[in-house]
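Quick look at data36.tsv (TSV, C-alpha atoms):
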chain	number	residue	atom	x	y	z
A	16	MET	CA	94.17	83.95	87.02
A	17	THR	CA	92.65	84.85	90.40
A	18	VAL	CA	94.06	87.40	92.84
A	19	LEU	CA	92.78	87.64	96.41
A	20	VAL	CA	92.64	91.14	97.92
A	21	THR	CA	91.97	91.28	101.65
A	22	GLY	CA	89.82	94.03	103.14
A	23	GLY	CA	88.01	94.93	99.95
A	24	THR	CA	86.04	97.86	101.40
A	25	GLY	CA	89.21	99.81	102.26
A	26	PHE	CA	90.55	102.89	100.46
A	27	VAL	CA	93.73	101.25	99.11
A	28	ALA	CA	92.01	97.93	98.46
A	29	GLY	CA	89.29	99.57	96.38
A	30	TRP	CA	91.78	101.11	93.96
A	31	THR	CA	93.85	97.92	93.94
A	32	ILE	CA	90.80	95.90	92.92
A	33	ALA	CA	89.99	98.42	90.19
A	34	ALA	CA	93.55	98.19	88.82
A	35	LEU	CA	93.46	94.40	88.82
A	36	LEU	CA	90.14	94.25	86.98
A	37	GLU	CA	91.36	96.82	84.45
A	38	ARG	CA	94.40	94.64	83.73
A	39	GLY	CA	92.33	91.52	83.16
A	40	TYR	CA	92.66	89.63	86.45
A	41	ASP	CA	89.87	87.78	88.20
A	42	VAL	CA	89.51	89.27	91.69
A	43	ARG	CA	88.25	87.80	94.93
A	44	THR	CA	88.07	90.02	97.98
A	45	THR	CA	87.38	89.43	101.66
A	46	THR	CA	85.06	91.57	103.76
A	47	ARG	CA	83.52	91.30	107.20
A	48	GLY	CA	80.14	92.93	106.72
A	49	ARG	CA	79.07	92.31	103.12
A	50	ARG	CA	77.32	89.19	101.93
A	51	PRO	CA	79.09	86.84	99.50
A	52	ALA	CA	78.44	87.83	95.89
A	53	VAL	CA	79.78	87.35	92.38
A	54	HIS	CA	79.81	90.13	89.79
A	55	GLY	CA	81.49	88.87	86.63
A	56	ARG	CA	85.22	88.62	87.38
A	57	TYR	CA	84.75	90.16	90.84
A	58	GLU	CA	83.81	87.96	93.81
A	59	VAL	CA	83.14	88.94	97.43
A	60	VAL	CA	83.63	86.39	100.23
A	61	GLN	CA	83.36	86.67	103.99
A	62	ALA	CA	86.52	86.27	106.07
A	63	ASP	CA	87.70	88.15	109.15
A	64	LEU	CA	91.29	88.69	110.27
A	65	THR	CA	90.31	87.58	113.78
A	66	SER	CA	88.96	84.15	112.79
A	67	ASP	CA	90.00	81.14	110.68
A	68	ALA	CA	86.50	80.88	109.23
A	69	GLY	CA	86.32	81.43	105.47
A	70	TRP	CA	90.04	81.73	104.73
A	71	ALA	CA	90.58	78.26	103.25
A	72	GLU	CA	87.73	78.86	100.81
A	73	ALA	CA	88.96	82.37	100.06
A	74	MET	CA	92.38	81.01	99.03
A	75	LYS	CA	91.00	78.34	96.69
A	76	ASP	CA	92.57	78.54	93.20
A	77	VAL	CA	94.31	81.83	94.05
A	78	ARG	CA	97.71	82.55	92.52
A	79	TYR	CA	98.51	85.85	94.27
A	80	VAL	CA	97.37	87.44	97.53
A	81	LEU	CA	97.46	91.18	98.14
A	82	HIS	CA	97.09	91.53	101.91
A	83	VAL	CA	95.85	95.08	102.20
A	84	ALA	CA	93.47	94.72	105.17
A	85	SER	CA	94.54	96.22	108.49
A	86	PRO	CA	92.84	97.07	111.81
A	87	MET	CA	91.48	100.60	112.00
A	88	SER	CA	93.70	103.11	113.80
A	89	GLY	CA	90.89	103.91	116.25
A	90	SER	CA	90.69	100.35	117.56
A	91	ALA	CA	91.52	99.72	121.22
A	92	ASP	CA	93.99	96.96	120.36
A	93	LEU	CA	95.99	97.34	117.16
A	94	VAL	CA	99.04	95.16	117.70
A	95	GLY	CA	97.26	91.85	118.26
A	96	PRO	CA	94.84	91.98	115.32
A	97	ALA	CA	97.49	93.36	112.94
A	98	ARG	CA	100.08	90.71	113.77
A	99	ASP	CA	97.74	87.76	114.26
A	100	GLY	CA	95.60	88.66	111.25
A	101	THR	CA	98.66	88.88	109.04
A	102	LEU	CA	99.93	85.51	110.22
A	103	ARG	CA	96.50	83.98	109.62
A	104	VAL	CA	96.44	85.22	106.01
A	105	LEU	CA	99.99	83.99	105.40
A	106	ARG	CA	99.34	80.58	106.92
A	107	PHE	CA	96.32	79.92	104.72
A	108	ALA	CA	98.13	81.30	101.67
A	109	VAL	CA	101.04	78.93	102.20
A	110	GLU	CA	98.72	75.97	102.78
A	111	ALA	CA	96.89	76.79	99.54
A	112	GLY	CA	100.11	76.95	97.54
A	113	VAL	CA	99.82	80.65	96.69
A	114	GLU	CA	102.77	81.81	94.59
A	115	ARG	CA	103.29	85.23	96.22
A	116	VAL	CA	101.84	87.45	98.93
A	117	VAL	CA	102.24	91.22	98.71
A	118	MET	CA	101.60	92.74	102.13
A	119	THR	CA	100.71	96.38	102.73
A	120	SER	CA	102.90	97.54	105.56
A	121	SER	CA	103.58	101.24	106.19
A	122	CYS	CA	106.33	103.80	106.48
A	123	ALA	CA	105.30	103.65	110.14
A	124	ALA	CA	107.38	100.45	110.20
A	125	ALA	CA	110.39	102.39	108.88
A	126	THR	CA	110.41	105.38	111.24
A	127	PRO	CA	113.93	106.79	111.74
A	128	PRO	CA	115.13	107.73	115.24
A	129	GLU	CA	113.89	110.88	116.96
A	130	GLY	CA	115.55	114.00	115.60
A	131	SER	CA	116.52	112.44	112.27
A	132	THR	CA	116.64	114.56	109.12
A	133	GLY	CA	117.29	113.73	105.49
A	134	SER	CA	115.97	110.93	103.29
A	135	PHE	CA	115.52	107.30	104.34
A	136	ASP	CA	114.90	104.01	102.57
A	137	GLU	CA	113.74	100.42	103.15
A	138	THR	CA	116.74	99.52	105.31
A	139	VAL	CA	115.26	101.48	108.23
A	140	TRP	CA	113.21	99.64	110.85
A	141	THR	CA	111.22	101.42	113.56
A	142	ASP	CA	112.53	101.06	117.09
A	143	PRO	CA	109.42	99.92	119.01
A	144	SER	CA	110.76	101.50	122.21
A	145	GLY	CA	111.63	104.80	120.52
A	146	VAL	CA	110.31	108.20	121.59
A	147	GLY	CA	106.86	108.94	120.19
A	148	ILE	CA	106.22	105.46	118.75
A	149	ASP	CA	102.46	105.04	119.14
A	150	GLU	CA	100.39	101.87	118.94
A	151	TYR	CA	99.71	102.30	115.23
A	152	ARG	CA	103.40	102.45	114.34
A	153	ARG	CA	104.14	99.58	116.69
A	154	SER	CA	101.37	97.46	115.17
A	155	LYS	CA	102.62	97.98	111.60
A	156	LEU	CA	106.18	97.20	112.66
A	157	LEU	CA	105.37	94.04	114.61
A	158	ALA	CA	103.00	92.76	111.91
A	159	GLU	CA	105.65	93.15	109.21
A	160	GLN	CA	108.39	91.63	111.35
A	161	ALA	CA	106.16	88.67	112.16
A	162	ALA	CA	105.40	88.22	108.46
A	163	TRP	CA	109.06	88.08	107.47
A	164	GLU	CA	109.84	85.65	110.28
A	165	PHE	CA	106.95	83.33	109.37
A	166	MET	CA	107.76	83.32	105.64
A	167	ARG	CA	111.49	82.74	106.06
A	168	ASP	CA	111.49	79.10	104.91
A	169	LYS	CA	108.27	78.94	102.88
A	170	ASP	CA	107.85	78.26	99.15
A	171	THR	CA	105.42	81.18	98.89
A	172	SER	CA	107.35	84.43	98.37
A	173	LEU	CA	106.65	87.62	100.31
A	174	VAL	CA	106.93	91.28	99.31
A	175	THR	CA	106.03	94.26	101.49
A	176	VAL	CA	104.91	97.71	100.32
A	177	LEU	CA	105.37	100.64	102.72
A	178	PRO	CA	103.14	103.62	101.83
A	179	GLY	CA	103.35	107.02	103.44
A	180	ALA	CA	100.28	109.26	103.83
A	181	VAL	CA	97.87	107.89	101.22
A	182	PHE	CA	95.71	110.50	99.51
A	183	GLY	CA	93.96	110.68	96.14
A	184	PRO	CA	90.45	110.41	94.73
A	185	VAL	CA	87.89	108.65	96.92
A	186	GLN	CA	85.61	106.01	95.43
A	187	SER	CA	83.03	106.17	98.23
A	188	ARG	CA	82.45	107.71	101.65
A	189	ASP	CA	82.66	104.35	103.45
A	190	ASN	CA	86.37	104.33	104.24
A	191	TRP	CA	88.52	107.41	103.67
A	192	GLY	CA	91.50	106.48	105.83
A	193	SER	CA	94.09	109.27	105.82
A	194	VAL	CA	91.98	111.32	103.38
A	195	ARG	CA	90.20	112.82	106.40
A	196	VAL	CA	93.26	115.03	106.82
A	197	ILE	CA	92.42	116.69	103.50
A	198	GLU	CA	88.76	116.98	104.47
A	199	ARG	CA	89.67	118.81	107.66
A	200	ILE	CA	92.01	121.21	105.89
A	201	MET	CA	89.30	121.96	103.32
A	202	GLY	CA	86.85	122.59	106.16
A	203	GLY	CA	88.76	125.70	107.18
A	204	MET	CA	90.86	124.74	110.18
A	205	PRO	CA	91.95	127.81	112.22
A	206	GLY	CA	95.51	126.66	111.67
A	207	VAL	CA	97.52	123.59	110.80
A	208	PRO	CA	100.13	121.84	112.93
A	209	ARG	CA	103.75	121.94	111.84
A	210	VAL	CA	103.61	118.35	110.64
A	211	GLY	CA	105.24	116.99	107.51
A	212	LEU	CA	103.59	114.33	105.36
A	213	ASN	CA	105.29	111.85	103.04
A	214	ILE	CA	102.52	111.75	100.46
A	215	VAL	CA	101.63	109.09	97.93
A	216	ASP	CA	98.66	108.71	95.60
A	217	VAL	CA	96.36	105.76	96.30
A	218	ARG	CA	96.40	104.86	92.59
A	219	ASP	CA	100.19	104.70	92.66
A	220	VAL	CA	100.09	102.48	95.76
A	221	ALA	CA	97.77	100.11	93.89
A	222	ASP	CA	100.10	100.16	90.88
A	223	LEU	CA	103.12	99.31	93.05
A	224	HIS	CA	101.28	96.34	94.56
A	225	LEU	CA	100.63	94.96	91.09
A	226	ARG	CA	104.21	95.49	89.98
A	227	ALA	CA	105.51	93.80	93.12
A	228	MET	CA	103.06	90.94	92.61
A	229	THR	CA	104.57	89.71	89.36
A	230	ALA	CA	108.17	90.97	89.19
A	231	PRO	CA	110.50	87.98	89.76
A	232	ASP	CA	113.17	90.11	91.44
A	233	ALA	CA	110.70	91.58	93.93
A	234	ALA	CA	110.53	88.39	96.01
A	235	GLY	CA	111.81	88.97	99.53
A	236	GLU	CA	111.98	92.77	99.18
A	237	ARG	CA	110.52	95.82	100.93
A	238	PHE	CA	109.45	98.80	98.81
A	239	ILE	CA	108.85	102.34	100.03
A	240	ALA	CA	105.76	103.89	98.40
A	241	VAL	CA	106.19	107.65	98.75
A	242	SER	CA	106.16	110.46	96.20
A	243	GLU	CA	107.16	113.66	97.99
A	244	PHE	CA	107.34	115.35	101.38
A	245	MET	CA	104.99	118.28	102.07
A	246	TRP	CA	104.34	120.31	105.20
A	247	MET	CA	100.65	120.49	106.07
A	248	ALA	CA	100.82	124.26	105.52
A	249	ASP	CA	101.95	123.64	101.93
A	250	VAL	CA	99.09	121.17	101.49
A	251	ALA	CA	96.67	123.84	102.71
A	252	ARG	CA	98.12	126.43	100.33
A	253	SER	CA	97.67	123.98	97.45
A	254	LEU	CA	93.98	123.86	98.33
A	255	ASP	CA	93.62	127.63	98.87
A	256	ALA	CA	92.77	126.86	102.51
A	257	PRO	CA	93.99	128.66	105.67
A	258	SER	CA	97.65	127.76	106.06
A	259	ARG	CA	98.76	129.50	109.26
A	260	GLU	CA	100.90	127.12	111.31
A	261	LEU	CA	99.83	126.56	114.90
A	262	PRO	CA	102.53	126.82	117.57
A	263	ASN	CA	103.62	123.41	118.81
A	264	PHE	CA	102.51	124.16	122.38
A	265	VAL	CA	98.96	124.78	121.13
A	266	VAL	CA	98.86	121.37	119.42
A	267	ARG	CA	100.26	119.67	122.53
A	268	ALA	CA	97.65	121.35	124.71
A	269	ALA	CA	94.83	120.38	122.34
A	270	ALA	CA	96.06	116.78	122.33
A	271	LEU	CA	95.43	116.57	126.09
A	272	VAL	CA	91.68	116.68	125.45
A	273	ALA	CA	91.35	115.63	121.79
A	274	LYS	CA	92.36	112.01	121.23
A	275	ASP	CA	92.61	112.39	117.45
A	276	MET	CA	95.29	115.06	117.95
A	277	ARG	CA	97.59	112.87	120.03
A	278	PRO	CA	99.26	110.99	117.14
A	279	LEU	CA	100.36	114.37	115.75
A	280	VAL	CA	102.41	115.35	118.79
A	281	PRO	CA	105.41	113.07	118.09
A	282	MET	CA	105.38	114.28	114.46
A	283	LEU	CA	105.67	117.99	115.24
A	284	GLY	CA	108.59	119.50	113.38
A	285	ARG	CA	109.80	116.22	111.90
A	286	SER	CA	111.18	116.86	108.44
A	287	TYR	CA	112.57	113.54	107.24
A	288	SER	CA	111.52	112.11	103.89
A	289	TYR	CA	111.68	108.77	102.10
A	290	SER	CA	113.26	107.66	98.85
A	291	HIS	CA	111.33	105.59	96.30
A	292	ALA	CA	114.50	104.90	94.31
A	293	LYS	CA	114.32	101.15	94.90
A	294	ALA	CA	110.76	100.82	93.60
A	295	SER	CA	111.61	103.01	90.62
A	296	SER	CA	114.82	101.19	89.66
A	297	MET	CA	113.62	97.62	90.29
A	298	LEU	CA	109.98	97.89	89.26
A	299	GLY	CA	109.78	100.95	87.03
A	300	TRP	CA	107.42	102.68	89.47
A	301	ALA	CA	106.84	106.40	88.83
A	302	PRO	CA	104.54	108.14	91.34
A	303	ARG	CA	102.71	111.33	90.38
A	304	PRO	CA	103.61	114.66	92.04
A	305	ALA	CA	102.26	115.06	95.58
A	306	ARG	CA	100.56	118.37	94.83
A	307	ASP	CA	98.54	116.79	91.99
A	308	THR	CA	97.46	114.03	94.38
A	309	VAL	CA	96.31	116.55	97.01
A	310	VAL	CA	94.36	118.66	94.52
A	311	GLU	CA	92.64	115.65	92.92
A	312	CYS	CA	91.82	114.27	96.35
A	313	ALA	CA	90.12	117.52	97.33
A	314	ALA	CA	88.25	117.68	94.02
A	315	SER	CA	86.80	114.21	94.60
A	316	LEU	CA	85.67	115.18	98.11
A	317	ARG	CA	83.84	118.20	96.72
The structure given in the file should be rewritten as structure tokens.
Amino acid sequence: MTVLVTGGTGFVAGWTIAALLERGYDVRTTTRGRRPAVHGRYEVVQADLTSDAGWAEAMKDVRYVLHVASPMSGSADLVGPARDGTLRVLRFAVEAGVERVVMTSSCAAATPPEGSTGSFDETVWTDPSGVGIDEYRRSKLLAEQAAWEFMRDKDTSLVTVLPGAVFGPVQSRDNWGSVRVIERIMGGMPGVPRVGLNIVDVRDVADLHLRAMTAPDAAGERFIAVSEFMWMADVARSLDAPSRELPNFVVRAAALVAKDMRPLVPMLGRSYSYSHAKASSMLGWAPRPARDTVVECAASLR
């Protein structure tokens, strides 16, 4: 049985591929830069989210698709590639008769309104015109909405997985994604912003994708993939790193000149969390404690 994983060089995709191979699946993955290759039950093919080329061949004899690939957050245009790339994958999957597609969305597509507190679940949808909704959040929202609209009357079933801040052991230094947050904290930042993170382990995200892939009742459902909420200061303390919180005005001032700081500004002081009750009750998903994830992530970086 062959499973196609898009974006095979990514952080989440790498662990997803490893989990599939460990559980006996044949895996095909798409990449942009690597040459086609076959290594036992693992096959690499070339296909890009921005082009139709290669996708029909990539879907050949595939039973499940795990659409993990996503445009990088530093790209100039995020919305177009995220939405159009998702629709391209879904269209070819439907044409190939794929049984189910599990799409990696994000908690960014389930952002509660400004000023919200408490715990939220899969019923929340981000307001694209809301305060502090940046292009990354908008791209994840519009891509997921487009996916559900496109798949409404198709025989292929769709499931979406919405991870929070994905940390955990790194397999290589090619694509760390959100792990760079841990790297910076370990590097001895003079202080950390008052930003809260809804943390999940990359291995648990991979596990949830596999559970959602085969569970009959998962069809047509969204699943939050979050373990626990931690302030960045608590993350730093877990790593024995400087944990002094920077005043919000300092972070806002720094964001005027440092582009990578700007996405943090809307998150300052936000303390809402997410519930993984649905994934646990329907799929038996049990994420590991967030502190363990942070510590193991740091250990792998060392």
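Checking A:Ile197, A:Ala71, A:Val241, A:Val280 one by one against Arg317 in chain A, counting only C-alpha atoms, you find the shortest gap at A:Ile197.
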Selection: 12 Å around range 36-48 of chain A, only C-alpha atoms, excl. self and same-chain fewer than 6 positions, as a PyMOL selection string: chain A and resi 16-25+28-30+54-66+68-86+104+221-222+225-226
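Within 10 Å of Ser131 in chain A, once only C-alpha atoms are used and residues closer than 5 positions along the same chain are dropped, the contacting residues are Thr126, Arg285, Ser286, Tyr287 and Ser288 of chain A.
Residues lying within 12 Å of Arg303 in chain A, counting only C-alpha atoms and ignoring same-chain neighbours fewer than 6 positions away, are Phe182, Gly183, Ile214, Val215, Asp216, Val217, Arg218, Asp219, Val220, Asp222, Ala240, Val241, Ser242, Glu243, His291, Val309, Val310 and Glu311 of chain A.
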Would you kindly identify which residues have an atom no farther than 6 Å from (98.9, 108.7, 106.7), using all atoms listed in the file and the file's own coordinates, and write them out as a ChimeraX atom specification? /A:179-181,193
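The two atoms in question, CA of Val146 in chain A and CA of Pro281 in chain A, are spaced 7.7 Å apart.
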Using all atoms listed in the file, the residue out of A:Ala227, A:Ser187, A:Gly133, A:Val27 with shortest distance to Gly299 in chain A is A:Ala227
Sphere at (100.9, 99.1, 114.6), radius 9 Å, counting all atoms listed in the file: residues as a list of chain:residue names: A:Pro86, A:Ser88, A:Leu93, A:Val94, A:Gly95, A:Ala97, A:Arg98, A:Ala123, A:Ala124, A:Asp149, A:Glu150, A:Tyr151, A:Arg152, A:Arg153, A:Ser154, A:Lys155, A:Leu156, A:Leu157, A:Ala158
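Considering the residues A:Ser296, A:Val174, A:Asp67, A:Met247 and counting all atoms listed in the file, Pro231 in chain A has its shortest atom-to-atom contact with A:Val174.
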Hey, could you patch up range 290-309 of chain A with N, CA, C and O atoms and hand it over as a CSV table (one decimal), keeping the file's coordinate frame?
chain,number,residue,atom,x,y,z
A,290,SER,N,112.9,107.8,100.2
A,290,SER,CA,113.3,107.7,98.8
A,290,SER,C,112.5,106.5,98.2
A,290,SER,O,112.5,105.4,98.8
A,291,HIS,N,112.0,106.7,97.0
A,291,HIS,CA,111.3,105.6,96.3
A,291,HIS,C,112.2,105.1,95.2
A,291,HIS,O,111.8,104.4,94.3
A,292,ALA,N,113.6,105.3,95.3
A,292,ALA,CA,114.5,104.9,94.3
A,292,ALA,C,114.5,103.4,94.0
A,292,ALA,O,114.6,103.0,92.9
A,293,LYS,N,114.3,102.6,95.1
A,293,LYS,CA,114.3,101.2,94.9
A,293,LYS,C,113.1,100.7,94.1
A,293,LYS,O,113.3,99.9,93.1
A,294,ALA,N,111.9,101.2,94.4
A,294,ALA,CA,110.8,100.8,93.6
A,294,ALA,C,110.9,101.3,92.2
A,294,ALA,O,110.4,100.6,91.2
A,295,SER,N,111.5,102.5,92.0
A,295,SER,CA,111.6,103.0,90.6
A,295,SER,C,112.6,102.2,89.8
A,295,SER,O,112.4,101.9,88.6
A,296,SER,N,113.8,101.9,90.4
A,296,SER,CA,114.8,101.2,89.7
A,296,SER,C,114.5,99.7,89.4
A,296,SER,O,114.7,99.2,88.3
A,297,MET,N,113.9,99.1,90.4
A,297,MET,CA,113.6,97.6,90.3
A,297,MET,C,112.3,97.3,89.6
A,297,MET,O,112.2,96.4,88.8
A,298,LEU,N,111.3,98.2,89.8
A,298,LEU,CA,110.0,97.9,89.3
A,298,LEU,C,109.5,98.9,88.3
A,298,LEU,O,108.3,98.8,87.8
A,299,GLY,N,110.2,99.9,88.0
A,299,GLY,CA,109.8,101.0,87.0
A,299,GLY,C,108.7,101.8,87.5
A,299,GLY,O,107.9,102.4,86.7
A,300,TRP,N,108.5,101.9,88.8
A,300,TRP,CA,107.4,102.7,89.5
A,300,TRP,C,107.7,104.2,89.4
A,300,TRP,O,108.8,104.6,89.7
A,301,ALA,N,106.7,105.0,89.0
A,301,ALA,CA,106.8,106.4,88.8
A,301,ALA,C,105.6,107.1,89.4
A,301,ALA,O,104.6,107.3,88.7
A,302,PRO,N,105.7,107.5,90.7
A,302,PRO,CA,104.5,108.1,91.3
A,302,PRO,C,104.3,109.5,90.8
A,302,PRO,O,105.2,110.2,90.4
A,303,ARG,N,103.1,110.0,90.8
A,303,ARG,CA,102.7,111.3,90.4
A,303,ARG,C,103.1,112.4,91.5
A,303,ARG,O,103.3,112.0,92.6
A,304,PRO,N,103.2,113.6,91.1
A,304,PRO,CA,103.6,114.7,92.0
A,304,PRO,C,102.6,114.8,93.2
A,304,PRO,O,101.4,114.6,93.0
A,305,ALA,N,103.1,115.0,94.4
A,305,ALA,CA,102.3,115.1,95.6
A,305,ALA,C,101.2,116.1,95.5
A,305,ALA,O,100.1,115.9,95.9
A,306,ARG,N,101.5,117.3,94.9
A,306,ARG,CA,100.6,118.4,94.8
A,306,ARG,C,99.4,118.0,94.0
A,306,ARG,O,98.2,118.3,94.3
A,307,ASP,N,99.6,117.3,92.9
A,307,ASP,CA,98.5,116.8,92.0
A,307,ASP,C,97.6,115.8,92.8
A,307,ASP,O,96.4,115.9,92.6
A,308,THR,N,98.2,115.0,93.6
A,308,THR,CA,97.5,114.0,94.4
A,308,THR,C,96.5,114.8,95.4
A,308,THR,O,95.4,114.4,95.5
A,309,VAL,N,97.1,115.8,96.0
A,309,VAL,CA,96.3,116.6,97.0
A,309,VAL,C,95.1,117.3,96.3
A,309,VAL,O,94.0,117.2,96.8
